[in-house]
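**Q** Following this line is upload_7.txt, made up of compact mmCIF, C-alpha atoms:
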# COMPACT_ATOMS: atom_id res chain seq x y z
CA MET Y 1079 31.37 -22.93 -23.31
CA ALA Y 1080 31.67 -19.80 -25.39
CA GLN Y 1081 29.34 -16.99 -24.51
CA VAL Y 1082 27.13 -15.21 -26.98
CA GLN Y 1083 28.66 -12.15 -28.58
CA GLN Y 1084 26.79 -9.38 -26.83
CA ARG Y 1085 26.53 -6.02 -28.44
CA PRO Y 1086 26.32 -3.70 -25.44
CA GLU Y 1087 25.08 -0.72 -27.37
CA GLU Y 1088 22.23 -2.85 -28.74
CA ALA Y 1089 21.26 -4.23 -25.33
CA THR Y 1090 21.48 -0.78 -23.77
CA SER Y 1091 19.42 0.57 -26.56
CA ASP Y 1092 16.50 -1.74 -25.74
CA GLN Y 1093 16.52 -0.45 -22.18
CA GLN Y 1094 16.75 3.15 -23.30
CA LEU Y 1095 13.95 2.70 -25.76
CA ILE Y 1096 11.53 1.13 -23.29
CA GLU Y 1097 12.31 3.90 -20.80
CA ARG Y 1098 11.45 6.43 -23.48
CA VAL Y 1099 8.29 4.49 -24.29
CA ALA Y 1100 7.35 4.78 -20.63
CA ARG Y 1101 7.46 8.54 -21.20
CA GLN Y 1102 5.02 8.13 -24.10
CA ASP Y 1103 7.67 8.48 -26.81
CA ARG Y 1104 6.08 7.05 -29.93
CA GLN Y 1105 9.25 7.09 -32.00
CA ALA Y 1106 10.98 4.90 -29.41
CA PHE Y 1107 7.96 2.61 -29.49
CA GLU Y 1108 8.20 2.33 -33.27
CA GLN Y 1109 11.88 1.41 -32.99
CA LEU Y 1110 11.11 -1.36 -30.50
CA TYR Y 1111 8.27 -2.54 -32.69
CA ASP Y 1112 10.53 -2.69 -35.74
CA ARG Y 1113 13.12 -4.60 -33.77
CA TYR Y 1114 10.83 -7.22 -32.21
CA ALA Y 1115 7.65 -7.44 -34.29
CA ALA Y 1116 8.97 -10.34 -36.38
CA ALA Y 1117 9.94 -12.35 -33.29
CA VAL Y 1118 6.55 -11.72 -31.68
CA PHE Y 1119 4.67 -12.53 -34.89
CA GLY Y 1120 6.68 -15.74 -35.25
CA LEU Y 1121 5.82 -16.73 -31.69
CA ALA Y 1122 2.15 -15.84 -32.12
CA LEU Y 1123 1.90 -17.71 -35.41
CA ARG Y 1124 3.53 -20.81 -34.02
CA THR Y 1125 1.39 -20.74 -30.89
CA LEU Y 1126 -1.94 -19.75 -32.40
CA GLY Y 1127 -1.53 -21.42 -35.78
CA ASP Y 1128 -3.62 -18.85 -37.64
CA ARG Y 1129 -2.23 -15.87 -39.51
CA GLN Y 1130 -5.19 -13.57 -38.93
CA ILE Y 1131 -5.33 -14.31 -35.21
CA ALA Y 1132 -1.56 -13.93 -34.97
CA GLU Y 1133 -1.76 -10.49 -36.59
CA GLU Y 1134 -4.34 -9.44 -34.02
CA ALA Y 1135 -2.07 -10.84 -31.33
CA VAL Y 1136 0.87 -8.71 -32.48
CA GLN Y 1137 -1.27 -5.59 -32.30
CA GLU Y 1138 -2.57 -6.42 -28.84
CA ILE Y 1139 0.83 -7.44 -27.49
CA PHE Y 1140 2.50 -4.22 -28.59
CA TRP Y 1141 -0.46 -2.23 -27.35
CA ARG Y 1142 0.17 -3.83 -23.94
CA VAL Y 1143 3.86 -2.93 -24.22
CA TRP Y 1144 2.82 0.68 -24.74
CA GLN Y 1145 0.43 0.59 -21.80
CA ARG Y 1146 2.74 -1.27 -19.41
CA ALA Y 1147 6.07 0.34 -20.28
CA ALA Y 1148 5.97 2.45 -17.12
CA SER Y 1149 5.88 -0.72 -15.00
CA PHE Y 1150 8.93 -2.24 -16.70
CA ASP Y 1151 11.56 -3.21 -14.11
CA ARG Y 1152 14.77 -1.50 -15.21
CA SER Y 1153 16.88 -4.19 -13.55
CA ARG Y 1154 15.54 -6.75 -16.04
CA THR Y 1155 16.19 -7.16 -19.73
CA PHE Y 1156 13.57 -6.16 -22.23
CA ALA Y 1157 13.24 -9.26 -24.44
CA PRO Y 1158 12.09 -11.74 -21.75
CA TRP Y 1159 9.63 -9.13 -20.48
CA LEU Y 1160 8.21 -8.69 -23.97
CA PHE Y 1161 8.05 -12.44 -24.58
CA GLY Y 1162 6.33 -12.88 -21.23
CA ILE Y 1163 3.58 -10.50 -22.33
CA ALA Y 1164 3.43 -12.18 -25.74
CA HIS Y 1165 3.29 -15.72 -24.38
CA ASN Y 1166 0.65 -14.92 -21.77
CA TYR Y 1167 -1.53 -13.30 -24.40
CA CYS Y 1168 -1.11 -16.14 -26.90
CA ILE Y 1169 -1.85 -18.88 -24.37
CA ASP Y 1170 -4.89 -17.03 -23.03
CA GLU Y 1171 -6.12 -16.52 -26.59
CA LEU Y 1172 -5.46 -20.14 -27.46
CA ARG Y 1173 -7.44 -21.36 -24.50
CA ARG Y 1174 -10.15 -18.78 -25.01
CA ARG Y 1175 -10.74 -19.94 -28.54
CA ARG Y 1176 -10.61 -23.55 -27.42
CA ALA Y 1177 -8.42 -24.19 -30.41
CA ARG Y 1178 -5.22 -26.08 -30.52
CA PRO Y 1179 -2.38 -25.66 -33.01
CA GLN Y 1180 -1.14 -28.63 -34.98
CA PRO Y 1181 0.48 -30.92 -32.41
CA VAL Y 1182 4.22 -30.51 -32.40
CA TYR Y 1183 4.96 -34.16 -31.73
CA GLU Y 1184 2.44 -36.07 -33.76
CA ASP Y 1185 5.10 -37.96 -35.66
CA ASP Y 1186 8.84 -38.14 -36.03
CA ASP Y 1187 8.78 -36.70 -39.54
CA HIS Y 1188 8.10 -33.26 -38.14
CA PRO Y 1189 11.21 -31.78 -36.60
CA VAL Y 1190 10.82 -30.36 -33.14
CA LEU Y 1191 11.98 -26.92 -34.18
CA SER Y 1192 10.20 -26.83 -37.51
CA SER Y 1193 10.25 -23.26 -38.65
CA ILE Y 1194 8.27 -21.20 -41.04
CA ALA Y 1195 10.07 -19.35 -43.84
CA ASP Y 1196 11.80 -16.33 -42.41
CA THR Y 1197 11.37 -13.18 -44.43
CA THR Y 1198 13.03 -10.83 -41.99
CA ASP Y 1199 16.16 -8.85 -42.67
CA VAL Y 1200 18.59 -10.84 -40.55
CA SER Y 1201 21.26 -8.18 -40.68
CA GLU Y 1202 19.01 -5.83 -38.74
CA ARG Y 1203 18.37 -8.41 -36.09
CA ALA Y 1204 21.74 -10.02 -35.81
CA LEU Y 1205 21.68 -10.14 -32.04
CA GLN Y 1206 18.20 -11.59 -31.98
CA GLY Y 1207 19.30 -14.17 -34.54
CA GLU Y 1208 22.19 -15.15 -32.33
CA GLN Y 1209 19.93 -15.40 -29.29
CA GLN Y 1210 17.45 -17.46 -31.26
CA ARG Y 1211 20.18 -19.86 -32.35
CA ILE Y 1212 21.46 -20.27 -28.80
CA VAL Y 1213 18.04 -20.86 -27.27
CA ALA Y 1214 17.09 -23.29 -30.05
CA ASP Y 1215 20.39 -25.16 -29.63
CA ALA Y 1216 19.89 -25.26 -25.87
CA LEU Y 1217 16.43 -26.74 -26.31
CA GLN Y 1218 17.85 -29.34 -28.68
CA GLN Y 1219 20.32 -30.41 -26.02
CA LEU Y 1220 17.48 -31.54 -23.73
CA PRO Y 1221 16.38 -35.17 -23.77
CA ASN Y 1222 13.45 -35.61 -26.18
CA GLU Y 1223 10.85 -36.29 -23.52
CA GLN Y 1224 11.80 -33.18 -21.53
CA ARG Y 1225 11.77 -30.98 -24.62
CA GLN Y 1226 8.44 -32.48 -25.64
CA ALA Y 1227 6.81 -31.64 -22.32
CA ILE Y 1228 8.14 -28.08 -22.35
CA GLU Y 1229 7.10 -27.40 -25.95
CA LEU Y 1230 3.62 -28.84 -25.55
CA ALA Y 1231 3.10 -26.48 -22.62
CA TYR Y 1232 4.80 -23.41 -24.08
CA PHE Y 1233 3.64 -23.53 -27.69
CA GLY Y 1234 0.61 -25.78 -27.33
CA GLY Y 1235 -0.90 -24.17 -24.25
CA LEU Y 1236 -1.48 -27.55 -22.64
CA THR Y 1237 -1.55 -28.04 -18.89
CA GLN Y 1238 0.59 -30.71 -17.25
CA GLN Y 1239 -2.53 -32.84 -16.81
CA GLU Y 1240 -3.45 -32.48 -20.49
CA ILE Y 1241 0.09 -33.39 -21.54
CA ALA Y 1242 0.01 -36.47 -19.30
CA THR Y 1243 -3.28 -37.52 -20.85
CA ARG Y 1244 -2.11 -36.91 -24.39
CA LEU Y 1245 1.17 -38.79 -23.96
CA GLY Y 1246 -0.26 -41.50 -21.74
CA ASN Y 1247 2.27 -40.83 -18.98
CA PRO Y 1248 1.65 -40.36 -15.25
CA LEU Y 1249 1.21 -36.70 -14.19
CA GLY Y 1250 4.21 -36.97 -11.87
CA THR Y 1251 6.41 -38.04 -14.77
CA ILE Y 1252 5.40 -34.98 -16.81
CA LYS Y 1253 6.06 -32.69 -13.85
CA THR Y 1254 9.51 -34.19 -13.39
CA ARG Y 1255 10.36 -33.92 -17.09
CA MET Y 1256 9.28 -30.31 -17.16
CA ARG Y 1257 11.23 -29.49 -14.05
CA LEU Y 1258 14.45 -31.19 -15.06
CA GLY Y 1259 14.18 -29.81 -18.59
CA LEU Y 1260 13.79 -26.21 -17.48
CA GLN Y 1261 16.59 -26.56 -14.94
CA LYS Y 1262 18.93 -27.87 -17.60
CA LEU Y 1263 17.82 -25.20 -20.05
CA ARG Y 1264 18.48 -22.51 -17.50
CA GLY Y 1265 21.95 -23.88 -16.85
CA ILE Y 1266 22.81 -23.78 -20.55
CA LEU Y 1267 21.45 -20.27 -20.99
CA GLN Y 1268 23.35 -19.12 -17.90
CA ASP Y 1269 26.56 -20.50 -19.38
CA GLN Y 1270 25.80 -18.50 -22.52
CA GLY Y 1271 25.13 -15.34 -20.53
CA LEU Y 1272 21.53 -15.05 -21.66
CA VAL Y 1273 19.93 -15.30 -18.21
CA ASP Y 1274 21.07 -14.44 -14.70
CA MET D 352 6.24 -19.44 8.81
CA LYS D 353 6.43 -21.77 5.84
CA THR D 354 6.96 -25.44 6.52
CA HIS D 355 9.65 -27.45 4.78
CA SER D 356 7.09 -29.66 3.08
CA GLU D 357 5.18 -26.63 1.83
CA HIS D 358 8.35 -25.25 0.24
CA GLU D 359 9.05 -28.61 -1.36
CA HIS D 360 5.54 -28.79 -2.75
CA ILE D 361 5.70 -25.27 -4.18
CA GLU D 362 9.15 -25.92 -5.66
CA GLU D 363 7.66 -28.83 -7.57
CA LEU D 364 5.02 -26.53 -9.01
CA ILE D 365 7.22 -23.61 -10.01
CA GLU D 366 8.19 -24.88 -13.47
CA GLY D 367 4.57 -25.66 -14.28
CA TYR D 368 3.56 -22.24 -13.05
CA ALA D 369 6.19 -20.49 -15.18
CA LEU D 370 4.98 -22.45 -18.22
CA ASP D 371 1.36 -21.61 -17.34
CA ALA D 372 0.67 -25.34 -17.29
CA LEU D 373 -0.86 -25.75 -13.83
CA GLU D 374 -4.46 -26.37 -12.94
CA PRO D 375 -6.18 -23.30 -11.41
CA GLU D 376 -6.06 -24.59 -7.85
CA GLU D 377 -2.31 -25.34 -8.10
CA ARG D 378 -1.72 -21.91 -9.57
CA SER D 379 -3.58 -20.37 -6.68
CA LEU D 380 -1.37 -22.26 -4.22
CA VAL D 381 1.77 -20.85 -5.82
CA ASP D 382 0.31 -17.34 -5.84
CA GLN D 383 -0.50 -17.54 -2.15
CA HIS D 384 2.87 -18.98 -1.18
CA THR D 385 5.06 -16.65 -3.26
CA SER D 386 3.21 -13.60 -2.00
CA SER D 387 4.87 -14.12 1.37
CA CYS D 388 7.95 -16.24 0.57
CA SER D 389 10.89 -14.34 -0.85
CA PRO D 390 13.12 -17.34 -1.79
CA CYS D 391 10.30 -19.02 -3.74
CA ARG D 392 9.39 -15.70 -5.37
CA LYS D 393 13.00 -15.34 -6.51
CA GLN D 394 13.04 -18.92 -7.75
CA LEU D 395 9.87 -18.27 -9.71
CA ARG D 396 11.32 -15.10 -11.23
CA VAL D 397 14.44 -16.81 -12.57
CA THR D 398 12.41 -19.75 -13.85
CA GLU D 399 10.03 -17.41 -15.64
CA GLU D 400 12.98 -15.61 -17.17
CA THR D 401 14.21 -18.92 -18.61
CA VAL D 402 10.74 -19.76 -19.91
CA HIS D 403 10.36 -16.38 -21.57
CA MET D 404 13.58 -16.93 -23.50
CA LEU D 405 11.71 -19.69 -25.33
CA GLY D 406 10.06 -16.87 -27.26
CA PHE D 407 13.25 -16.72 -29.29
CA VAL D 408 12.79 -20.27 -30.54
CA ALA D 409 9.97 -19.49 -32.94
CA ALA D 410 11.32 -18.39 -36.31
CA PRO D 411 10.85 -14.65 -36.77
CA ILE D 412 8.38 -13.69 -39.48
CA THR D 413 7.79 -10.10 -40.49
CA PRO D 414 4.14 -9.18 -39.90
CA PRO D 415 2.21 -7.12 -42.47
CA VAL D 416 2.68 -3.35 -42.28
CA ARG D 417 -0.99 -2.96 -41.35
CA CYS D 418 -0.23 -4.44 -37.91
CA LYS D 419 2.10 -1.57 -37.11
CA LEU D 420 -0.25 1.04 -38.52
CA LYS D 421 -3.14 -0.27 -36.45
CA VAL D 422 -1.13 -0.17 -33.22
CA LEU D 423 0.12 3.34 -33.97
CA GLU D 424 -3.41 4.48 -34.77
CA LYS D 425 -4.63 3.07 -31.50
CA ILE D 426 -1.86 4.84 -29.61
CA GLU D 427 -2.46 8.08 -31.43
CA ARG D 428 -6.15 7.96 -30.74
CA GLU D 429 -5.62 7.10 -27.09
CA GLN D 430 -3.11 9.90 -26.64
CA PHE D 431 -5.39 12.35 -28.36
CA LEU D 432 -8.42 11.41 -26.30
CA HIS D 433 -6.53 11.57 -23.02
CA THR D 434 -4.50 14.74 -23.49
CA PRO D 435 -6.85 17.61 -22.74
CA THR D 436 -4.23 20.32 -23.27
CA ARG D 437 -3.50 19.04 -26.74
CA ARG D 438 -7.13 18.54 -27.55
CA SER D 439 -7.80 22.24 -27.25
CA ARG D 440 -5.18 23.13 -29.84
CA THR D 441 -7.43 23.15 -32.85
CA ALA D 442 -6.55 24.97 -35.99
CA THR D 443 -9.79 26.87 -36.07
CA PRO D 444 -9.77 30.31 -37.68
CA PHE D 445 -10.02 32.23 -34.45
CA SER D 446 -7.54 32.25 -31.61
CA THR D 447 -8.11 33.01 -27.97
CA TRP D 448 -4.42 33.77 -27.65
CA ALA D 449 -4.71 36.40 -30.35
CA THR D 450 -7.43 38.07 -28.32
CA VAL D 451 -5.27 38.07 -25.20
CA ALA D 452 -2.34 39.44 -27.21
CA ALA D 453 -4.53 42.23 -28.57
CA LEU D 454 -5.59 43.13 -25.05
CA VAL D 455 -1.99 43.32 -23.94
CA LEU D 456 -1.18 45.57 -26.89
CA PHE D 457 -4.04 47.93 -26.08
CA MET D 458 -2.89 48.17 -22.48
CA ALA D 459 0.68 48.89 -23.56
CA THR D 460 -0.33 51.74 -25.82
CA GLY D 461 -2.58 53.40 -23.27
CA MET D 462 -5.70 52.85 -25.28
CA TRP D 463 -7.05 50.21 -22.99
CA GLY D 464 -9.27 52.61 -21.04
CA VAL D 465 -11.19 53.50 -24.18
CA SER D 466 -11.50 50.04 -25.63
CA LEU D 467 -11.52 47.84 -22.57
CA GLN D 468 -15.25 47.37 -22.32
CA ARG D 469 -15.63 46.52 -25.99
CA GLN D 470 -12.58 44.25 -25.90
CA MET D 471 -13.78 42.39 -22.82
CA SER D 472 -17.10 41.84 -24.48
CA ARG D 473 -15.45 40.50 -27.63
CA MET D 474 -13.14 38.27 -25.59
CA SER D 475 -16.11 36.87 -23.72
CA THR D 476 -17.79 36.07 -27.04
CA ASP D 477 -14.61 34.44 -28.31
CA MET D 478 -14.28 32.37 -25.15
CA THR D 479 -17.85 31.16 -25.51
CA ARG D 480 -17.16 30.23 -29.12
CA ALA D 481 -14.00 28.40 -28.04
CA ARG D 482 -15.87 26.42 -25.42
CA ASN D 483 -18.60 25.54 -27.90
CA GLU D 484 -16.10 24.43 -30.50
CA ILE D 485 -14.22 22.25 -28.00
CA ALA D 486 -17.51 20.73 -26.83
CA GLU D 487 -18.44 20.10 -30.44
CA LEU D 488 -15.08 18.41 -31.10
CA GLU D 489 -15.44 16.22 -28.04
CA GLY D 490 -18.93 15.27 -29.10
CA MET D 491 -17.63 14.42 -32.55
CA LEU D 492 -14.82 12.29 -31.14
CA ALA D 493 -17.29 10.32 -29.08
CA GLU D 494 -18.97 9.36 -32.33
CA VAL D 495 -15.82 8.50 -34.27
CA GLN D 496 -16.35 5.27 -36.14
CA GLU D 497 -13.64 5.32 -38.77
CA ILE D 498 -9.97 6.22 -38.83
CA ARG D 499 -8.14 6.83 -42.09
CA ALA D 500 -4.37 7.11 -42.21
CA LEU D 501 -2.46 9.65 -44.28
CA LYS D 502 1.18 9.21 -45.26
CA GLY D 503 3.78 11.94 -45.43
CA GLU D 504 5.32 12.72 -48.78
CA GLY D 505 8.31 14.69 -50.08
CA GLN D 506 9.85 16.96 -47.46
CA SER D 507 7.09 15.81 -45.10
CA GLN D 508 7.99 12.14 -45.41
CA TYR D 509 8.22 11.74 -41.63
CA ALA D 510 4.80 13.25 -41.02
CA VAL D 511 1.88 10.99 -40.21
CA ALA D 512 -1.78 11.75 -39.77
CA ASN D 513 -5.11 10.16 -39.10
CA THR D 514 -8.58 11.32 -40.04
CA PHE D 515 -11.17 10.58 -37.37
CA MET D 516 -14.56 10.50 -39.03
CA LYS D 517 -18.04 9.11 -38.98
CA PRO D 518 -19.60 7.89 -42.22
CA GLY D 519 -22.59 10.05 -43.12
CA SER D 520 -21.20 13.08 -41.29
CA ASN D 521 -19.38 15.97 -42.90
CA LYS D 522 -17.42 16.73 -39.73
CA ALA D 523 -14.04 15.14 -39.15
CA LEU D 524 -10.84 15.71 -37.26
CA LEU D 525 -7.37 15.45 -38.71
CA VAL D 526 -4.62 14.68 -36.19
CA ILE D 527 -1.20 15.36 -37.66
CA ARG D 528 2.27 15.01 -36.25
CA ASN D 529 5.81 15.74 -37.36
CA LEU D 530 4.80 18.22 -40.02
CA PRO D 531 7.82 20.44 -40.80
CA PRO D 532 7.57 24.24 -40.50
CA LEU D 533 7.04 26.19 -43.71
CA SER D 534 8.80 29.13 -45.29
CA ALA D 535 7.33 32.59 -44.78
CA GLY D 536 4.26 33.14 -46.93
CA GLN D 537 3.44 29.46 -47.26
CA THR D 538 0.62 27.60 -45.58
CA TYR D 539 -0.70 24.07 -45.34
CA LYS D 540 -4.14 23.45 -46.81
CA VAL D 541 -6.47 20.47 -46.36
CA TRP D 542 -8.32 19.10 -49.38
CA VAL D 543 -10.85 16.37 -49.93
CA ALA D 544 -11.36 15.04 -53.43
CA ARG D 545 -12.90 12.45 -55.66
CA GLU D 546 -12.73 11.90 -59.43
CA GLY D 547 -13.20 15.22 -61.18
CA MET D 548 -13.50 17.47 -58.13
CA GLU D 549 -11.36 18.92 -55.35
CA GLU D 550 -12.64 20.86 -52.39
CA GLY D 551 -10.30 23.13 -50.45
CA LEU D 552 -10.88 23.28 -46.71
CA THR D 553 -8.98 24.77 -43.78
CA THR D 554 -5.52 26.31 -44.00
CA PHE D 555 -3.13 26.11 -41.09
CA ASN D 556 0.48 26.44 -39.98
CA PRO D 557 1.82 24.11 -37.30
CA PRO D 558 2.90 25.98 -34.17
CA PRO D 559 6.70 25.92 -33.69
CA ALA D 560 8.00 23.15 -31.42
CA ASP D 561 4.62 21.46 -31.31
CA ASP D 562 4.75 18.05 -32.92
CA THR D 563 1.01 17.41 -32.95
CA ILE D 564 -1.78 19.51 -34.34
CA GLN D 565 -5.49 18.87 -34.66
CA VAL D 566 -7.38 20.30 -37.59
CA ALA D 567 -11.18 20.28 -37.60
CA ILE D 568 -12.59 20.02 -41.12
CA GLU D 569 -16.12 20.34 -42.44
CA PRO D 570 -16.48 19.71 -46.17
CA ARG D 571 -19.77 20.35 -47.96
CA GLU D 572 -20.69 16.67 -48.19
CA PRO D 573 -20.32 13.71 -45.82
CA MET D 574 -16.76 12.46 -45.56
CA ASP D 575 -17.54 9.11 -47.16
CA HIS D 576 -18.65 10.91 -50.34
CA TYR D 577 -15.01 11.72 -51.01
CA LYS D 578 -12.30 9.38 -52.12
CA TRP D 579 -9.11 11.08 -50.99
CA ILE D 580 -7.88 13.49 -48.36
CA MET D 581 -4.65 15.44 -48.70
CA VAL D 582 -2.66 18.27 -47.21
CA THR D 583 -0.72 20.46 -49.61
CA ILE D 584 1.71 23.33 -49.27
CA GLU D 585 0.24 26.49 -50.79
CA ASN D 586 1.63 29.94 -51.41
CA THR D 587 -1.78 31.50 -51.06
CA GLN D 588 -4.63 30.62 -48.74
CA SER D 589 -7.19 31.09 -51.49
CA ALA D 590 -5.79 28.47 -53.88
CA ASP D 591 -8.61 26.91 -55.90
CA HIS D 592 -6.72 23.77 -56.77
CA PRO D 593 -4.18 21.79 -54.77
CA SER D 594 -0.57 22.55 -55.63
CA GLN D 595 1.84 19.84 -56.66
CA GLN D 596 3.52 20.04 -53.26
CA GLN D 597 1.70 17.31 -51.35
CA ALA D 598 2.63 16.96 -47.70
CA LEU D 599 0.18 14.21 -46.74
CA PHE D 600 -2.09 11.95 -48.71
CA GLY D 601 -4.55 9.21 -47.81
CA ASP D 602 -7.59 7.29 -49.00
CA LEU D 603 -10.99 7.86 -47.44
Once more with this new file: its structure as structure tokens, please.
**A**
Amino acid sequence: MAQVQQRPEEATSDQQLIERVARQDRQAFEQLYDRYAAAVFGLALRTLGDRQIAEEAVQEIFWRVWQRAASFDRSRTFAPWLFGIAHNYCIDELRRRRARPQPVYEDDDHPVLSSIADTTDVSERALQGEQQRIVADALQQLPNEQRQAIELAYFGGLTQQEIATRLGNPLGTIKTRMRLGLQKLRGILQDQGLVD
Amino acid sequence: MKTHSEHEHIEELIEGYALDALEPEERSLVDQHTSSCSPCRKQLRVTEETVHMLGFVAAPITPPVRCKLKVLEKIEREQFLHTPTRRSRTATPFSTWATVAALVLFMATGMWGVSLQRQMSRMSTDMTRARNEIAELEGMLAEVQEIRALKGEGQSQYAVANTFMKPGSNKALLVIRNLPPLSAGQTYKVWVAREGMEEGLTTFNPPPADDTIQVAIEPREPMDHYKWIMVTIENTQSADHPSQQQALFGDL
């Protein structure tokens, strides 16, 4: 399987920028913001389902990036670290508000990876676009029921028990689907050089 | 020592943990186990890395510019409030450093014996004033309720500033960064204005190699009585009207 075209200077640049942010460099922070704000806003909007709340999420997530930059592990890559912060915040917020986004799998007419119109300048985020395509393709390669379980947890903020209840499946079945799905996803992303 | 069955049980929970989809008691089990089990901790790390890549799946959407401005304002405010050495660099008319420099000059010219007593007394007065002004600034910051952003213009396009103010008060603090140095004879001047009137306030020149400067301002009326705030480049400190050379401009 062909690996993603990495642009070393771009990847290195993320690391350099977050190291500068750790030294309280605001210009470096602005560069990271410009590079990833659209991805974070897209994630927040899809998870939280409300534009106003998603805007607040972007501000809080990047504020946390600023505050936690010094604890960033230099042996890791920046994007998963950022998305970890973003996802944790969004899920906590989702649960705190006791709100749920529109269910992803209510009917077959809604595609699994339904996207909202993208207004970003793709040329400036070519690498991100490539990574997005690969991860989305990888997710599409999973069996429907595995993908469903993973997406309901990741984007819907549902626990395994809540997913089992919603889908009318035994809890053990959901756990197995989630486990096998993530293992397969990891294998695909490893082949593509996106994860270790 | 961890038992085989315990490992197996935790391994079954790791994906749910990474997706934040476990019940609290299951989550607690994983936390306890991974705190002392290196292989499971490693397994959890790589699983979490895979999960976090799912962030790429959502279609990117550019957020409104106000999101960025609000984060930057928050950072700027936090940095300002937690950097005591910077906080003392106010562009007030008097300078403690100037006093120290004058003392050094007197000593160098042999006049210090004559003037020392008077100079020490003046320096003490200046120091007291400095302390009072810093205390006043800190008190004002504690009451800050509003922040207004200014945007750089022209040759100062990379400059940014925020006005920290409290509605009803005529005291405010302008925190400016990336303002370029001026030619000899020129100075920056702060103005507040509304329809039909402009009020000139403090003049200042940013210290060389210092990217942030704080300017205390005190117009005649409360800040919220004005509509705009601006910083212009002036050739004379006593300009009655703002020049056409705007460096920063913002709404109040």
**Q** Grab the CA of Ala1242 in chain Y to CA of Phe407 in chain D distance for me, in Å with one decimal place.
**A**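 For CA of Ala1242 in chain Y relative to CA of Phe407 in chain D, the distance reads 25.8 Å.
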**Q** Do you have the CA of Thr398 in chain D-CA of Val1099 in chain Y distance handy?
**A**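 Calculated distance between CA of Thr398 in chain D and CA of Val1099 in chain Y is 26.7 Å.
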**Q** I need the residue nearest chain D from this list: Y:Ile1241, Y:Leu1095, Y:Val1143, Y:Ala1117. Use only C-alpha atoms for the distance.
**A**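 Under the stated criterion, the closest residue is Y:Ala1117.
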**Q** Taking (2.0, -15.8, -27.9) in the file's own coordinates, collect the residues within 10 Å, counting all atoms listed in the file, and hand them back as a count of residues only.
**A** 29
**Q** My list of candidates is D:Ser386, D:Glu363, D:Ile568, D:Gly503. Which is closest to Thr1251 in chain Y when distances are computed with only C-alpha atoms?
**A** D:Glu363
**Q** Quick one, how far is CA of Met581 in chain D from CA of Thr554 in chain D?
**A**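 Separating CA of Met581 in chain D from CA of Thr554 in chain D is a distance of 11.9 Å.
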